[in-house]
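Coordinates from query_8.txt are shown below (compact mmCIF, C-alpha atoms (C1' of nucleotides)).
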```txt
# COMPACT_ATOMS: atom_id res chain seq x y z
CA MET X 1 11.28 -59.70 -22.17
CA ALA X 2 9.43 -61.83 -19.66
CA HIS X 3 8.44 -65.46 -19.59
CA TRP X 4 5.22 -67.21 -18.66
CA LEU X 5 3.47 -70.53 -18.59
CA PHE X 6 0.01 -70.99 -20.05
CA LYS X 7 -2.02 -73.99 -18.98
CA SER X 8 -4.71 -75.63 -21.00
CA GLU X 9 -6.61 -78.87 -21.08
CA PRO X 10 -5.77 -80.44 -24.42
CA ARG X 11 -9.27 -81.89 -24.79
CA GLU X 12 -10.60 -78.34 -24.67
CA PHE X 13 -7.84 -76.47 -26.42
CA GLY X 14 -4.22 -77.43 -26.82
CA LEU X 15 -1.30 -78.01 -29.13
CA ASP X 16 -3.38 -79.76 -31.78
CA HIS X 17 -5.91 -76.93 -31.94
CA LEU X 18 -3.14 -74.35 -32.33
CA LEU X 19 -1.53 -76.40 -35.09
CA ALA X 20 -4.76 -76.31 -37.06
CA LEU X 21 -5.09 -72.51 -36.94
CA PRO X 22 -3.75 -70.12 -39.62
CA GLY X 23 -0.29 -68.99 -38.52
CA ARG X 24 -0.81 -71.10 -35.38
CA VAL X 25 -2.22 -67.94 -33.77
CA ALA X 26 -5.05 -67.98 -31.26
CA ARG X 27 -6.76 -65.76 -28.76
CA TRP X 28 -6.06 -66.96 -25.24
CA ASP X 29 -9.42 -66.28 -23.64
CA GLY X 30 -11.72 -67.62 -20.98
CA VAL X 31 -9.37 -66.95 -18.05
CA ARG X 32 -11.58 -66.28 -15.03
CA ASN X 33 -9.17 -65.81 -12.17
CA TYR X 34 -8.19 -62.38 -10.93
CA GLU X 35 -4.49 -63.02 -10.42
CA ALA X 36 -4.19 -64.48 -13.92
CA ARG X 37 -6.33 -61.64 -15.25
CA ASN X 38 -3.94 -59.08 -13.81
CA LEU X 39 -1.01 -60.76 -15.56
CA LEU X 40 -2.87 -60.77 -18.88
CA ARG X 41 -4.01 -57.19 -18.51
CA ASP X 42 -0.98 -55.50 -16.98
CA HIS X 43 2.18 -57.52 -17.43
CA ILE X 44 2.27 -59.78 -20.45
CA GLN X 45 3.76 -57.95 -23.43
CA VAL X 46 4.16 -58.51 -27.13
CA GLY X 47 7.37 -60.48 -27.69
CA ASP X 48 7.22 -62.27 -24.34
CA THR X 49 7.49 -66.02 -24.56
CA ALA X 50 5.59 -68.74 -22.76
CA PHE X 51 5.50 -72.46 -22.28
CA LEU X 52 2.35 -74.26 -23.31
CA TYR X 53 1.41 -76.74 -20.59
CA HIS X 54 -1.16 -79.49 -20.87
CA SER X 55 -3.07 -80.33 -17.70
CA SER X 56 -5.79 -82.81 -16.77
CA CYS X 57 -4.64 -85.31 -19.35
CA GLN X 58 -2.79 -88.60 -19.59
CA GLN X 59 0.63 -87.06 -19.44
CA PRO X 60 0.64 -83.53 -18.01
CA GLY X 61 3.62 -81.46 -19.07
CA ILE X 62 5.12 -78.74 -21.22
CA VAL X 63 4.46 -79.41 -24.89
CA GLY X 64 5.26 -76.21 -26.78
CA LEU X 65 6.53 -72.65 -26.94
CA LEU X 66 4.32 -69.61 -27.41
CA GLU X 67 5.05 -66.04 -28.35
CA ILE X 68 2.75 -63.21 -27.36
CA VAL X 69 1.61 -61.42 -30.51
CA ARG X 70 -1.01 -59.12 -28.97
CA ALA X 71 -0.98 -57.73 -25.43
CA GLY X 72 -3.96 -57.71 -23.08
CA TYR X 73 -7.35 -56.57 -24.35
CA PRO X 74 -10.89 -57.12 -23.08
CA ASP X 75 -11.94 -60.75 -23.48
CA PRO X 76 -14.80 -60.77 -25.99
CA THR X 77 -16.15 -64.06 -24.63
CA ALA X 78 -16.97 -62.33 -21.34
CA VAL X 79 -19.66 -60.20 -22.99
CA ASP X 80 -20.95 -62.88 -25.38
CA PRO X 81 -24.09 -64.48 -23.92
CA ASP X 82 -23.63 -67.44 -26.24
CA SER X 83 -20.15 -68.18 -24.91
CA PRO X 84 -19.60 -70.65 -22.09
CA TYR X 85 -17.28 -68.00 -20.66
CA TRP X 86 -19.95 -65.29 -20.58
CA ASP X 87 -19.96 -63.25 -17.37
CA ALA X 88 -22.99 -61.07 -16.70
CA ARG X 89 -20.92 -58.77 -14.48
CA SER X 90 -18.63 -57.87 -17.37
CA SER X 91 -19.50 -55.20 -19.93
CA ARG X 92 -17.87 -53.45 -22.85
CA ASP X 93 -17.59 -50.25 -20.81
CA GLN X 94 -16.21 -52.01 -17.78
CA PRO X 95 -14.40 -55.12 -18.90
CA ARG X 96 -13.63 -57.54 -16.12
CA TRP X 97 -11.65 -60.19 -18.02
CA TYR X 98 -8.77 -59.98 -20.46
CA ALA X 99 -7.26 -62.01 -23.29
CA VAL X 100 -3.98 -61.99 -25.21
CA ASP X 101 -3.13 -63.46 -28.62
CA VAL X 102 -0.44 -66.11 -28.85
CA ARG X 103 1.45 -67.86 -31.62
CA LEU X 104 2.73 -71.40 -31.29
CA THR X 105 6.38 -71.12 -32.34
CA ALA X 106 7.71 -74.57 -31.51
CA ARG X 107 6.77 -77.92 -30.15
CA LEU X 108 8.73 -79.90 -27.59
CA ASN X 109 9.54 -83.41 -28.67
CA PRO X 110 9.58 -85.17 -26.35
CA ALA X 111 7.37 -83.14 -24.04
CA LEU X 112 8.71 -82.15 -20.62
CA ALA X 113 6.61 -84.34 -18.39
CA LEU X 114 5.37 -83.06 -15.06
CA SER X 115 6.94 -86.06 -13.36
CA ARG X 116 10.33 -84.97 -14.72
CA LEU X 117 9.82 -81.37 -13.66
CA ARG X 118 9.02 -82.54 -10.15
CA ALA X 119 12.22 -84.57 -10.01
CA ASP X 120 14.39 -81.60 -11.02
CA PRO X 121 16.11 -79.88 -8.07
CA ALA X 122 16.63 -76.73 -10.15
CA LEU X 123 12.86 -76.26 -10.20
CA ARG X 124 12.33 -76.38 -6.46
CA ASP X 125 10.70 -72.95 -6.45
CA PHE X 126 8.85 -73.24 -9.76
CA ARG X 127 5.36 -71.92 -9.22
CA LEU X 128 3.80 -74.61 -11.35
CA LEU X 129 4.98 -77.23 -8.89
CA ARG X 130 3.74 -75.57 -5.74
CA ARG X 131 1.25 -77.59 -3.77
CA GLY X 132 -2.29 -76.79 -4.71
CA ASN X 133 -1.23 -74.47 -7.51
CA ARG X 134 -4.25 -73.65 -9.67
CA LEU X 135 -3.15 -70.56 -11.54
CA SER X 136 -3.62 -71.03 -15.29
CA VAL X 137 -1.26 -68.22 -16.32
CA LEU X 138 1.86 -67.95 -14.24
CA PRO X 139 5.27 -66.28 -14.31
CA VAL X 140 8.47 -68.17 -15.10
CA SER X 141 11.70 -66.62 -13.83
CA PRO X 142 14.60 -66.01 -16.23
CA SER X 143 16.66 -68.75 -14.59
CA GLU X 144 13.77 -71.22 -14.66
CA TRP X 145 13.17 -70.41 -18.30
CA ALA X 146 16.82 -70.85 -19.22
CA HIS X 147 17.03 -74.11 -17.34
CA LEU X 148 13.85 -75.52 -18.85
CA VAL X 149 15.04 -74.64 -22.33
CA THR X 150 18.23 -76.63 -21.78
CA GLN X 151 16.08 -79.60 -20.75
CA SER X 152 13.98 -79.38 -23.91
CA ARG X 153 14.30 -80.69 -27.42
CA ILE X 154 12.70 -77.80 -29.26
CA ILE X 155 11.29 -78.29 -32.75
CA PRO X 156 10.62 -74.85 -34.26
CA PHE X 157 8.08 -74.37 -37.02
C1' DG G 1 -14.63 -57.68 7.37
C1' DC G 2 -15.15 -62.43 8.88
C1' DC G 3 -15.62 -67.04 7.66
C1' DA G 4 -18.25 -71.23 6.45
C1' DA G 5 -20.03 -73.30 2.43
C1' DC G 6 -19.48 -74.23 -2.06
C1' DG G 7 -17.50 -75.00 -6.69
C1' DT G 8 -13.39 -75.78 -9.34
C1' DT G 9 -8.83 -77.40 -10.34
C1' DG G 10 -5.82 -80.95 -11.32
C1' DG G 11 -2.86 -84.90 -10.09
C1' DC G 12 -3.33 -89.49 -9.20
C1' DG B 1 -13.71 -91.36 -9.40
C1' DC B 2 -11.26 -89.51 -5.36
C1' DC B 3 -9.81 -85.87 -2.77
C1' DA B 4 -6.64 -82.06 -1.27
C1' DA B 5 -6.20 -77.39 -2.02
C1' DC B 6 -7.71 -73.18 -3.11
C1' DG B 7 -10.64 -69.07 -4.87
C1' DT B 8 -15.14 -67.15 -4.64
C1' DT B 9 -19.52 -66.24 -2.71
C1' DG B 10 -22.73 -64.57 0.44
C1' DG B 11 -24.85 -64.30 5.07
C1' DC B 12 -24.07 -61.95 9.06
```
Here is a file; write its structure as structure tokens.
Amino acid sequence: MAHWLFKSEPREFGLDHLLALPGRVARWDGVRNYEARNLLRDHIQVGDTAFLYHSSCQQPGIVGLLEIVRAGYPDPTAVDPDSPYWDARSSRDQPRWYAVDVRLTARLNPALALSRLRADPALRDFRLLRRGNRLSVLPVSPSEWAHLVTQSRIIPF
DNA sequence: GCCAACGTTGGC
DNA sequence: GCCAACGTTGGC
């Protein structure tokens, strides 16, 4: 079982949106970066777990835990002309972008603030903290995951 | 295949 | 709003 971190902007889609959905399940779509696409398509499996991270907001940080409930499949928004994520170069025959389905399994209370992550020597190599990091789906190593969990107050649903 | 220009991300 | 960093685009 592998671990990941999924970024979102809470004003667009975040913890509160997931909480409002039946079973707290959502399609994670709209990813338009090839490296992240490859993770969604080829590596992220049912049963894997992920941190939910809020970016571009008042207090960036890890706010919840996700479980993958459906592995990579073609992102329907890519072939929907009415979607803001529509991509004319994608087609049903030759999908370019992929989505997975996730379930919110817990919230972190308090959240793990970015400022605290940055101050943690155990996270020196954490990809999230690399300068200029812009990847919206990224791998979390087993040791990073284990460490972060010990730093968290996890409130399961 | 190179690389400059451009658009986007994301913390502050 | 600023701006550093990076991915993508497109001319050549």
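Neighbouring residues of DA5 (chain G) at 12 Å or closer, counting all atoms listed in the file and skipping chain neighbours under 3 positions away, are DT8, DT9, DG10 and DG11 of chain B.
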* To do: Using all atoms listed in the file, find which residues of chain X lie within 9 Å of chain G and jot them down as a list in words.
  => Ser55, Ser56, Pro60, Gly132, Asn133, Arg134 and Leu135 of chain X
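Take CA of Pro95 (chain X) and CA of Arg70 (chain X): the distance between them is 17.2 Å.
Pairwise distance (CA of Phe6 (chain X), CA of Trp97 (chain X)) equals 16.0 Å.
Taking CA of Ala119 (chain X) as the reference point, CA of Pro139 (chain X) is found at 20.0 Å.
Considering only C-alpha atoms, the residue among X:Asn109, X:Ser115, X:Ser141, X:Thr77 positioned nearest to Arg96 (chain X) is X:Thr77.
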How big is the axis-aligned box, and where does its centre sit, when it encloses all atoms of chain G listed in the file and has 8 Å added on every side, reported in Å to one decimal as lines of an AutoDock Vina configuration file?
```
center_x = -11.4
center_y = -73.6
center_z = -1.2
size_x = 33.2
size_y = 47.8
size_z = 36.2
```
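For the residues X:Cys57, X:Leu117, X:Leu104, X:Ala146, ranking by smallest atom-to-atom distance to Ser8 (chain X) using all atoms listed in the file places X:Cys57 first.
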Could you model N, CA, C and O atoms for region 71-89 of chain X and present them as a compact mmCIF listing (two decimals), keeping the file's coordinate frame?
```
# COMPACT_ATOMS: atom_id res chain seq x y z
N ALA X 71 -0.91 -57.88 -26.89
CA ALA X 71 -0.98 -57.73 -25.43
C ALA X 71 -2.44 -57.67 -24.99
O ALA X 71 -3.37 -57.67 -25.81
N GLY X 72 -2.64 -57.58 -23.68
CA GLY X 72 -3.96 -57.71 -23.08
C GLY X 72 -5.02 -56.78 -23.64
O GLY X 72 -4.78 -55.59 -23.81
N TYR X 73 -6.19 -57.34 -23.90
CA TYR X 73 -7.35 -56.57 -24.35
C TYR X 73 -8.59 -57.26 -23.80
O TYR X 73 -8.54 -58.45 -23.44
N PRO X 74 -9.70 -56.53 -23.70
CA PRO X 74 -10.89 -57.12 -23.08
C PRO X 74 -11.31 -58.43 -23.77
O PRO X 74 -11.37 -58.48 -25.00
N ASP X 75 -11.57 -59.43 -22.97
CA ASP X 75 -11.94 -60.75 -23.48
C ASP X 75 -13.36 -60.71 -24.05
O ASP X 75 -14.32 -60.55 -23.30
N PRO X 76 -13.48 -60.87 -25.38
CA PRO X 76 -14.80 -60.77 -25.99
C PRO X 76 -15.77 -61.85 -25.50
O PRO X 76 -16.99 -61.63 -25.51
N THR X 77 -15.24 -63.00 -25.06
CA THR X 77 -16.15 -64.06 -24.63
C THR X 77 -16.90 -63.67 -23.35
O THR X 77 -17.96 -64.21 -23.06
N ALA X 78 -16.35 -62.72 -22.60
CA ALA X 78 -16.97 -62.33 -21.34
C ALA X 78 -18.29 -61.60 -21.56
O ALA X 78 -19.17 -61.59 -20.69
N VAL X 79 -18.43 -60.97 -22.73
CA VAL X 79 -19.66 -60.20 -22.99
C VAL X 79 -20.48 -60.86 -24.10
O VAL X 79 -21.37 -60.22 -24.67
N ASP X 80 -20.21 -62.12 -24.37
CA ASP X 80 -20.95 -62.88 -25.38
C ASP X 80 -21.86 -63.89 -24.68
O ASP X 80 -21.39 -64.90 -24.18
N PRO X 81 -23.16 -63.60 -24.64
CA PRO X 81 -24.09 -64.48 -23.92
C PRO X 81 -24.10 -65.92 -24.45
O PRO X 81 -24.51 -66.83 -23.74
N ASP X 82 -23.66 -66.10 -25.67
CA ASP X 82 -23.63 -67.44 -26.24
C ASP X 82 -22.36 -68.21 -25.88
O ASP X 82 -22.23 -69.39 -26.19
N SER X 83 -21.40 -67.52 -25.26
CA SER X 83 -20.15 -68.18 -24.91
C SER X 83 -20.27 -68.87 -23.55
O SER X 83 -20.91 -68.34 -22.63
N PRO X 84 -19.64 -70.00 -23.41
CA PRO X 84 -19.60 -70.65 -22.09
C PRO X 84 -18.83 -69.82 -21.07
O PRO X 84 -18.95 -70.04 -19.87
N TYR X 85 -18.07 -68.85 -21.56
CA TYR X 85 -17.28 -68.00 -20.66
C TYR X 85 -17.96 -66.66 -20.37
O TYR X 85 -17.38 -65.76 -19.77
N TRP X 86 -19.20 -66.52 -20.81
CA TRP X 86 -19.95 -65.29 -20.58
C TRP X 86 -20.01 -64.98 -19.09
O TRP X 86 -20.18 -65.88 -18.26
N ASP X 87 -19.87 -63.69 -18.76
CA ASP X 87 -19.96 -63.25 -17.37
C ASP X 87 -20.84 -62.01 -17.33
O ASP X 87 -20.46 -60.94 -17.82
N ALA X 88 -22.00 -62.15 -16.72
CA ALA X 88 -22.99 -61.07 -16.70
C ALA X 88 -22.46 -59.80 -16.04
O ALA X 88 -22.95 -58.71 -16.30
N ARG X 89 -21.45 -59.95 -15.20
CA ARG X 89 -20.92 -58.77 -14.48
C ARG X 89 -19.92 -58.00 -15.33
O ARG X 89 -19.47 -56.93 -14.92
```
